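Engineer: To be precise about what I am sending: the file is called protein_38.txt and holds compact mmCIF, C-alpha atoms.
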```txt
# COMPACT_ATOMS: atom_id res chain seq x y z
CA MET A 1 25.97 2.27 0.89
CA PRO A 2 25.13 0.19 -2.21
CA SER A 3 23.81 2.04 -5.25
CA LEU A 4 20.40 1.37 -6.76
CA HIS A 5 22.06 -0.39 -9.69
CA ALA A 6 23.93 -2.65 -7.26
CA LEU A 7 20.67 -3.49 -5.46
CA ALA A 8 19.14 -4.40 -8.83
CA ASN A 9 21.31 -7.51 -8.75
CA PRO A 10 19.08 -10.26 -7.27
CA ALA A 11 21.90 -11.83 -5.25
CA ARG A 12 22.87 -8.50 -3.65
CA PHE A 13 19.22 -7.65 -3.10
CA LEU A 14 18.54 -10.95 -1.33
CA LYS A 15 21.58 -10.51 0.89
CA ILE A 16 20.08 -7.26 2.20
CA ALA A 17 16.40 -8.26 2.02
CA ARG A 18 16.70 -11.41 4.16
CA PRO A 19 17.54 -9.64 7.45
CA LEU A 20 15.42 -6.58 6.65
CA THR A 21 12.28 -8.66 6.11
CA GLY A 22 12.09 -9.75 9.75
CA VAL A 23 13.20 -6.37 11.07
CA PHE A 24 10.53 -4.49 9.10
CA PHE A 25 7.80 -7.01 9.86
CA TRP A 26 8.27 -7.26 13.62
CA LEU A 27 9.05 -3.57 14.06
CA GLY A 28 5.80 -2.86 12.23
CA VAL A 29 3.85 -5.25 14.46
CA LEU A 30 5.34 -3.64 17.58
CA LEU A 31 4.57 -0.08 16.48
CA ILE A 32 1.04 -1.02 15.44
CA ALA A 33 0.42 -2.65 18.83
CA VAL A 34 1.75 0.42 20.67
CA GLY A 35 -0.14 2.88 18.48
CA VAL A 36 -3.45 1.01 18.66
CA TRP A 37 -3.12 0.57 22.43
CA ALA A 38 -2.42 4.29 22.82
CA GLY A 39 -5.26 5.25 20.49
CA LEU A 40 -7.77 3.04 22.31
CA THR A 41 -6.77 3.78 25.89
CA GLN A 42 -4.69 6.96 26.13
CA THR A 43 -6.64 9.49 24.05
CA PRO A 44 -9.96 11.21 24.76
CA PRO A 45 -13.04 10.76 22.55
CA ASP A 46 -13.71 13.45 19.96
CA TYR A 47 -16.18 16.13 21.00
CA LEU A 48 -18.27 15.50 17.87
CA GLN A 49 -17.58 11.92 16.76
CA GLY A 50 -17.10 10.41 20.19
CA GLU A 51 -15.42 7.01 20.34
CA THR A 52 -15.76 6.36 16.60
CA VAL A 53 -12.83 8.69 15.92
CA ARG A 54 -10.52 5.86 17.06
CA ILE A 55 -11.06 4.11 13.71
CA MET A 56 -8.72 6.82 12.39
CA TYR A 57 -5.68 4.93 13.70
CA ILE A 58 -6.38 2.11 11.22
CA HIS A 59 -8.25 3.94 8.46
CA VAL A 60 -5.72 6.69 7.78
CA PRO A 61 -2.66 4.36 7.52
CA ALA A 62 -4.69 2.02 5.28
CA ALA A 63 -5.60 4.91 2.97
CA TRP A 64 -1.99 6.10 2.95
CA LEU A 65 -0.67 2.65 2.03
CA GLY A 66 -3.39 2.00 -0.53
CA MET A 67 -2.29 5.12 -2.39
CA GLY A 68 1.40 4.85 -1.49
CA GLY A 69 1.44 1.23 -2.62
CA TRP A 70 0.24 2.19 -6.08
CA SER A 71 2.76 5.05 -6.22
CA SER A 72 5.53 2.53 -5.50
CA LEU A 73 4.10 0.10 -8.04
CA ALA A 74 4.06 2.84 -10.69
CA ILE A 75 7.67 3.84 -9.91
CA ALA A 76 8.77 0.19 -10.16
CA SER A 77 6.87 -0.11 -13.46
CA ILE A 78 8.62 2.97 -14.86
CA ALA A 79 11.98 1.54 -13.76
CA TYR A 80 11.16 -1.71 -15.56
CA LEU A 81 10.08 0.05 -18.75
CA VAL A 82 13.23 2.22 -18.78
CA TRP A 83 15.91 -0.26 -17.64
CA ARG A 84 14.16 -3.57 -18.32
CA HIS A 85 15.50 -5.02 -15.07
CA PRO A 86 13.40 -7.99 -13.88
CA LEU A 87 13.81 -7.01 -10.21
CA ALA A 88 11.72 -3.87 -10.83
CA GLN A 89 9.01 -6.08 -12.32
CA VAL A 90 9.19 -8.38 -9.30
CA ALA A 91 8.86 -5.38 -6.97
CA ALA A 92 5.76 -4.10 -8.76
CA ARG A 93 4.07 -7.50 -8.62
CA ALA A 94 5.03 -7.96 -4.98
CA ILE A 95 3.47 -4.61 -4.06
CA ALA A 96 0.14 -5.25 -5.78
CA VAL A 97 -1.45 -7.72 -3.33
CA PRO A 98 -0.65 -5.88 -0.05
CA GLY A 99 -1.57 -2.60 -1.77
CA ALA A 100 -4.97 -4.03 -2.72
CA ALA A 101 -5.40 -5.39 0.81
CA PHE A 102 -4.81 -1.97 2.38
CA ALA A 103 -7.12 -0.31 -0.14
CA ALA A 104 -9.81 -2.82 0.91
CA ILE A 105 -9.12 -2.14 4.62
CA CYS A 106 -9.46 1.58 3.90
CA LEU A 107 -12.87 1.04 2.27
CA VAL A 108 -14.14 -1.25 5.04
CA THR A 109 -12.98 0.95 7.92
CA GLY A 110 -14.31 4.00 6.09
CA ALA A 111 -17.74 2.38 5.85
CA ILE A 112 -17.66 1.47 9.56
CA TRP A 113 -16.63 5.03 10.41
CA GLY A 114 -19.21 6.53 8.07
CA ARG A 115 -22.25 4.71 9.49
CA PRO A 116 -22.41 6.55 12.86
CA THR A 117 -20.84 9.75 11.49
CA TRP A 118 -22.79 10.24 8.26
CA GLY A 119 -25.76 7.96 8.92
CA THR A 120 -24.90 5.72 5.95
CA TRP A 121 -22.45 2.93 5.15
CA TRP A 122 -21.68 4.26 1.69
CA GLN A 123 -21.94 7.45 -0.33
CA TRP A 124 -21.03 7.76 -4.00
CA ASP A 125 -18.91 10.83 -3.52
CA GLY A 126 -15.54 11.65 -5.06
CA ARG A 127 -13.23 10.28 -2.35
CA LEU A 128 -15.04 7.00 -1.73
CA THR A 129 -15.74 6.28 -5.39
CA SER A 130 -12.17 7.03 -6.53
CA MET A 131 -10.75 4.85 -3.73
CA LEU A 132 -13.06 2.01 -4.79
CA LEU A 133 -11.84 2.45 -8.37
CA LEU A 134 -8.24 2.19 -7.13
CA PHE A 135 -9.09 -1.11 -5.44
CA PHE A 136 -10.52 -2.44 -8.71
CA VAL A 137 -7.45 -1.17 -10.58
CA TYR A 138 -5.29 -3.15 -8.16
CA LEU A 139 -7.33 -6.28 -8.91
CA GLY A 140 -6.97 -5.60 -12.62
CA TYR A 141 -3.20 -5.33 -12.30
CA ILE A 142 -2.99 -8.57 -10.30
CA ALA A 143 -5.02 -10.43 -12.93
CA LEU A 144 -3.09 -8.87 -15.82
CA ALA A 145 0.32 -9.60 -14.29
CA ARG A 146 -0.68 -13.21 -13.62
CA ALA A 147 -1.96 -13.69 -17.15
CA ASP A 148 1.19 -12.09 -18.59
CA ALA A 149 3.41 -14.42 -16.55
CA GLU A 150 1.41 -17.53 -17.51
CA GLN A 151 1.59 -16.66 -21.22
CA GLY A 152 5.30 -15.89 -21.10
CA GLY A 153 4.90 -12.16 -21.72
CA ASP A 154 7.72 -9.68 -21.34
CA GLY A 155 5.97 -7.66 -18.61
CA ARG A 156 5.53 -4.46 -20.60
CA ILE A 157 1.73 -4.52 -20.63
CA PRO A 158 1.36 -4.81 -16.81
CA ALA A 159 4.05 -2.13 -16.42
CA LEU A 160 2.20 0.25 -18.74
CA TYR A 161 -1.01 -0.48 -16.83
CA GLY A 162 0.81 0.28 -13.57
CA VAL A 163 1.91 3.68 -14.87
CA ALA A 164 -1.51 4.52 -16.36
CA GLY A 165 -3.32 3.64 -13.13
CA SER A 166 -1.45 6.36 -11.26
CA VAL A 167 -3.83 8.92 -12.79
CA LEU A 168 -6.23 8.00 -9.98
CA LEU A 169 -3.87 9.19 -7.23
CA PRO A 170 -4.32 12.97 -7.67
CA ILE A 171 -8.06 12.41 -8.13
CA ILE A 172 -8.24 10.64 -4.76
CA ARG A 173 -5.99 13.23 -3.11
CA TYR A 174 -7.92 16.29 -4.27
CA SER A 175 -11.43 14.84 -4.57
CA VAL A 176 -12.52 16.46 -1.29
CA VAL A 177 -11.37 19.83 -2.66
CA TRP A 178 -12.78 19.54 -6.18
CA TRP A 179 -16.26 18.22 -5.31
CA ASN A 180 -18.85 18.61 -2.58
CA THR A 181 -18.58 15.52 -0.41
CA LEU A 182 -19.57 14.01 2.90
CA HIS A 183 -15.94 13.07 3.44
CA GLN A 184 -14.08 15.62 5.54
CA GLY A 185 -11.57 17.84 3.83
CA PRO A 186 -7.80 17.67 4.30
CA SER A 187 -7.20 17.63 8.06
CA ILE A 188 -3.50 16.70 8.35
CA GLY A 189 -0.80 18.76 6.63
CA LEU A 190 2.96 19.06 6.78
CA THR A 191 2.85 22.10 9.05
CA LYS A 192 -0.52 21.98 10.79
CA SER A 193 -3.52 19.79 11.55
CA THR A 194 -7.16 20.45 12.35
CA ILE A 195 -7.16 17.40 14.66
CA ASP A 196 -6.38 18.12 18.30
CA GLY A 197 -2.95 16.92 19.39
CA THR A 198 -4.36 14.90 22.30
CA ILE A 199 -6.14 12.70 19.74
CA LEU A 200 -3.60 12.88 16.91
CA TRP A 201 -0.36 11.74 18.59
CA PRO A 202 -0.83 7.92 18.27
CA LEU A 203 -1.51 8.25 14.52
CA PRO A 204 2.14 8.70 13.41
CA ILE A 205 2.99 5.57 15.43
CA THR A 206 0.40 3.41 13.67
CA MET A 207 1.28 4.96 10.30
CA ALA A 208 4.95 4.08 10.81
CA GLY A 209 3.98 0.61 12.03
CA PHE A 210 1.78 -0.20 9.06
CA THR A 211 4.42 1.21 6.69
CA PHE A 212 7.12 -1.06 8.14
CA LEU A 213 4.68 -4.01 8.03
CA PHE A 214 3.92 -3.22 4.40
CA GLY A 215 7.63 -3.10 3.61
CA GLY A 216 8.22 -6.43 5.35
CA ILE A 217 5.40 -8.08 3.40
CA VAL A 218 6.69 -6.71 0.09
CA LEU A 219 10.23 -7.96 0.80
CA MET A 220 8.82 -11.36 1.80
CA ARG A 221 6.83 -11.58 -1.44
CA MET A 222 9.82 -10.49 -3.56
CA ARG A 223 11.99 -13.17 -1.97
CA MET A 224 9.28 -15.76 -2.60
CA MET A 225 8.95 -14.75 -6.25
CA LEU A 226 12.71 -14.84 -6.81
CA ALA A 227 12.93 -18.26 -5.15
CA ARG A 228 10.12 -19.55 -7.35
CA THR A 229 11.82 -18.21 -10.49
CA LYS A 230 15.10 -19.85 -9.47
CA ALA A 231 13.35 -23.17 -8.79
CA GLU A 232 11.54 -23.07 -12.14
CA ALA A 233 14.80 -22.32 -13.98
CA ARG A 234 16.49 -25.24 -12.20
CA ALA A 235 13.61 -27.55 -13.12
CA ARG A 236 13.88 -26.54 -16.78
CA ARG A 237 17.63 -27.21 -16.79
CA MET A 238 17.09 -30.65 -15.24
CA ALA A 239 14.34 -31.46 -17.74
CA ALA A 240 16.60 -30.46 -20.64
CA ALA A 241 19.58 -32.51 -19.33
```
Would it be possible to restate this file's structure as C-alpha cells?
Structural biologist:
Amino acid sequence: MPSLHALANPARFLKIARPLTGVFFWLGVLLIAVGVWAGLTQTPPDYLQGETVRIMYIHVPAAWLGMGGWSSLAIASIAYLVWRHPLAQVAARAIAVPGAAFAAICLVTGAIWGRPTWGTWWQWDGRLTSMLLLFFVYLGYIALARADAEQGGDGRIPALYGVAGSVLLPIIRYSVVWWNTLHQGPSIGLTKSTIDGTILWPLPITMAGFTFLFGGIVLMRMRMMLARTKAEARARRMAAA
C-alpha cells in the first residue's frame, strides 16, 4: 500500500487515479440508480410528509457532500500550507467545483422539499442561511483560486481561505440545535435514527453512490489540471528553445 508521501508524486498518483476514476464514477452512477429506484418504488410514503419525503434520497447526500467537500478542501489546503506540495493544491481546486454543485443541489432540493412541508420555498433560519453562505464561500474560493493562478501566485491565499471557510461547518451542523428553526433537528445518528427503517434503507445506497460519483469527478478534474500544467510547461520549454 503506497504511503501518502508516495501518492504526492504526480506520476504515482496518476498511475492509481486513471483506473480509479472510471471505477468510482460508474460505481457511483450504478448505486445512485439503484438507490433512487428503491426510494421511489420500494418504500412507503411518510405518514406526515407523504410522497415528498422521497426528496431525502437526493437532498441528504447533497448536503453531506456540500459539507464533506469543504472539509476535504480544507484538509488539502492545510496539507499544502504545511508541506507545500502542489498536488494538495490541485486536490483543493479540483474539489471546489463539485462541492459547490452539491451545495447548490442541497439548496434547490431543500426549497422543493420545504414548499409542501413548511408552506414556503425559503426561510432565513440557521441551517438554510449557513448552507447558502457555504455555497457563496465555495464561489469565492473558485474565483480566488482562478485569480491566484492567473497572476502566478503561490497558492497560499486560496489555501488560507480554504482553512478559514471551515468555520461554517460546525455552524451548519449544529444550527438546528442552537437556534429555533423550521428545519427538522438531527434525525440520523451513528447508533439510531428517528426515520423509520422502511423509508431509510435506500438512503445509505444513494449516499454511497453520490460519494463515489464525487470522488470520480474530483479525480477526473485533478487529472485534467495536471495534464494542463504539463502541457503549459511543455509549451514554455518549446517557446524558450
Engineer: Which one is closest to Tyr47 in chain A: A:Ile195, A:Ile16, A:Ala240, A:Ala208? Count only C-alpha atoms.
Structural biologist: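 Distance minimum relative to Tyr47 in chain A lands on A:Ile195.
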Engineer: With all atoms listed in the file as the basis for distance, which of A:Arg156, A:Arg234, A:Arg223, A:Lys15 is at the shortest distance from Ala76 in chain A?
Structural biologist: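 Ranking A:Arg156, A:Arg234, A:Arg223, A:Lys15 by distance to Ala76 in chain A, first place goes to A:Arg156.
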Engineer: Show which residues sit within 12 Å of Val137 in chain A, as number ranges by chain. Count only C-alpha atoms, and ignore same-chain residues fewer than 3 positions away.
Structural biologist: A: 66-67, 70, 73, 96-97, 99-100, 103-104, 130-134, 140-144, 158, 161-169
Engineer: As JSON, please report the centre and edge lengths, rounded to one decimal in Å, of the axis-aligned box that holds all listed atoms of range 221-236 of chain A with 8 Å of padding on each of the six sides.
Structural biologist:
```
{"center_x": 11.7, "center_y": -19.0, "center_z": -9.1, "size_x": 25.7, "size_y": 33.1, "size_z": 31.3}
```
Engineer: Could you give me, as JSON, numbers by chain, the residues within 9 Å of Leu107 in chain A, counting all atoms listed in the file and dropping anything in the same chain fewer than 2 positions from it?
Structural biologist: {"A": [59, 62, 63, 102, 103, 104, 105, 109, 110, 111, 112, 128, 131, 132, 135]}
Engineer: Scan for residues within 12 Å of the point (1.5, -2.2, 17.5) in the coordinates of the file, using all atoms listed in the file, and reply as a ChimeraX atom specification.
Structural biologist: /A:25-40,57-58,202-213
Engineer: Can you work out the spacing between CA of Ile157 in chain A and CA of Ala94 in chain A in Å, to one decimal?
Structural biologist: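 That distance, rounded to one decimal, is 16.4 Å.
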Engineer: What gap, in Å, lies between CA of Ala79 in chain A and CA of Ala147 in chain A?
Structural biologist: 20.9 Å
Engineer: Can you pull out every residue within 8 Å of Thr21 in chain A, counting only C-alpha atoms, but drop anything in the same chain fewer than 6 positions away, and send it as a list in words?
Structural biologist: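 Counting only the stated atoms, we get Gly215, Gly216, Ile217, Leu219 and Met220 of chain A.
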Engineer: For each of A:Ala145, A:Val53, A:Val60, A:Ala91, take the minimum atom-to-atom distance to Arg221 in chain A, counting only C-alpha atoms, then give the residue where this is smallest.
Structural biologist: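 For Arg221 in chain A, the nearest of the candidates is A:Ala91.
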Engineer: Could you tell me how far CA of Gly22 in chain A sits from CA of Ile55 in chain A, in Å to one decimal place?
Structural biologist: 27.3 Å
Engineer: Pick out the residues sitting within 9 Å of Ile199 in chain A, and hand them over as a PyMOL selection string; count only C-alpha atoms, and ignore anything fewer than 5 positions along from it in its own chain.
Structural biologist: chain A and resi 39+42-46+53-54
Engineer: With only C-alpha atoms as the basis for distance, which of A:Gly155, A:Arg12, A:Val218, A:Thr41 is at the shortest distance from Gly69 in chain A?
Structural biologist: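 Answer, going by the shortest atom-to-atom distance: A:Val218.
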Engineer: Determine the nearest neighbour of Arg84 in chain A from the options A:Leu14, A:Gly126, A:Met222, A:Ala159, counting only C-alpha atoms.
Structural biologist: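 For Arg84 in chain A, the nearest of the candidates is A:Ala159.
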Engineer: Check the smallest atom-to-atom distance from each of A:Thr52, A:Gln123, A:Thr129, A:Thr198 to Ile171 in chain A using all atoms listed in the file, then report the winner.
Structural biologist: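 Among the listed residues, A:Thr129 lies closest to Ile171 in chain A.
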Engineer: Could you complete range 36-57 of chain A so that it carries N, CA and C atoms, and give it back as a compact mmCIF listing (two decimals), keeping the file's coordinate frame?
Structural biologist:
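Output contents, as saved in result32.txt:
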```txt
# COMPACT_ATOMS: atom_id res chain seq x y z
N VAL A 36 -2.04 1.36 18.45
CA VAL A 36 -3.45 1.01 18.66
C VAL A 36 -3.79 1.04 20.15
N TRP A 37 -2.90 0.50 20.99
CA TRP A 37 -3.12 0.57 22.43
C TRP A 37 -3.26 2.02 22.90
N ALA A 38 -2.36 2.89 22.43
CA ALA A 38 -2.42 4.29 22.82
C ALA A 38 -3.70 4.95 22.31
N GLY A 39 -4.06 4.65 21.06
CA GLY A 39 -5.26 5.25 20.49
C GLY A 39 -6.54 4.82 21.18
N LEU A 40 -6.56 3.57 21.67
CA LEU A 40 -7.77 3.04 22.31
C LEU A 40 -7.87 3.42 23.79
N THR A 41 -6.73 3.61 24.43
CA THR A 41 -6.77 3.78 25.89
C THR A 41 -6.21 5.10 26.41
N GLN A 42 -5.39 5.80 25.62
CA GLN A 42 -4.69 6.96 26.13
C GLN A 42 -5.14 8.28 25.51
N THR A 43 -6.15 8.26 24.68
CA THR A 43 -6.64 9.49 24.05
C THR A 43 -8.11 9.69 24.39
N PRO A 44 -8.56 10.95 24.46
CA PRO A 44 -9.96 11.21 24.76
C PRO A 44 -10.85 11.01 23.53
N PRO A 45 -12.14 10.80 23.70
CA PRO A 45 -13.04 10.76 22.55
C PRO A 45 -13.17 12.15 21.93
N ASP A 46 -13.51 12.18 20.66
CA ASP A 46 -13.71 13.45 19.96
C ASP A 46 -15.00 14.11 20.44
N TYR A 47 -15.00 15.42 20.47
CA TYR A 47 -16.18 16.13 21.00
C TYR A 47 -17.39 16.01 20.08
N LEU A 48 -17.16 15.68 18.79
CA LEU A 48 -18.27 15.50 17.87
C LEU A 48 -18.50 14.02 17.54
N GLN A 49 -17.45 13.30 17.22
CA GLN A 49 -17.58 11.92 16.76
C GLN A 49 -17.53 10.91 17.89
N GLY A 50 -17.14 11.33 19.06
CA GLY A 50 -17.10 10.41 20.19
C GLY A 50 -16.03 9.34 20.01
N GLU A 51 -16.37 8.12 20.39
CA GLU A 51 -15.42 7.01 20.34
C GLU A 51 -15.10 6.56 18.92
N THR A 52 -15.99 6.85 17.96
CA THR A 52 -15.76 6.36 16.60
C THR A 52 -14.52 6.97 15.96
N VAL A 53 -14.02 8.07 16.49
CA VAL A 53 -12.83 8.69 15.92
C VAL A 53 -11.62 7.76 15.99
N ARG A 54 -11.67 6.76 16.88
CA ARG A 54 -10.52 5.86 17.06
C ARG A 54 -10.28 4.97 15.83
N ILE A 55 -11.26 4.85 14.96
CA ILE A 55 -11.06 4.11 13.71
C ILE A 55 -9.97 4.77 12.88
N MET A 56 -9.74 6.07 13.12
CA MET A 56 -8.72 6.82 12.39
C MET A 56 -7.36 6.14 12.43
N TYR A 57 -7.02 5.50 13.55
CA TYR A 57 -5.68 4.93 13.70
C TYR A 57 -5.44 3.74 12.78
```
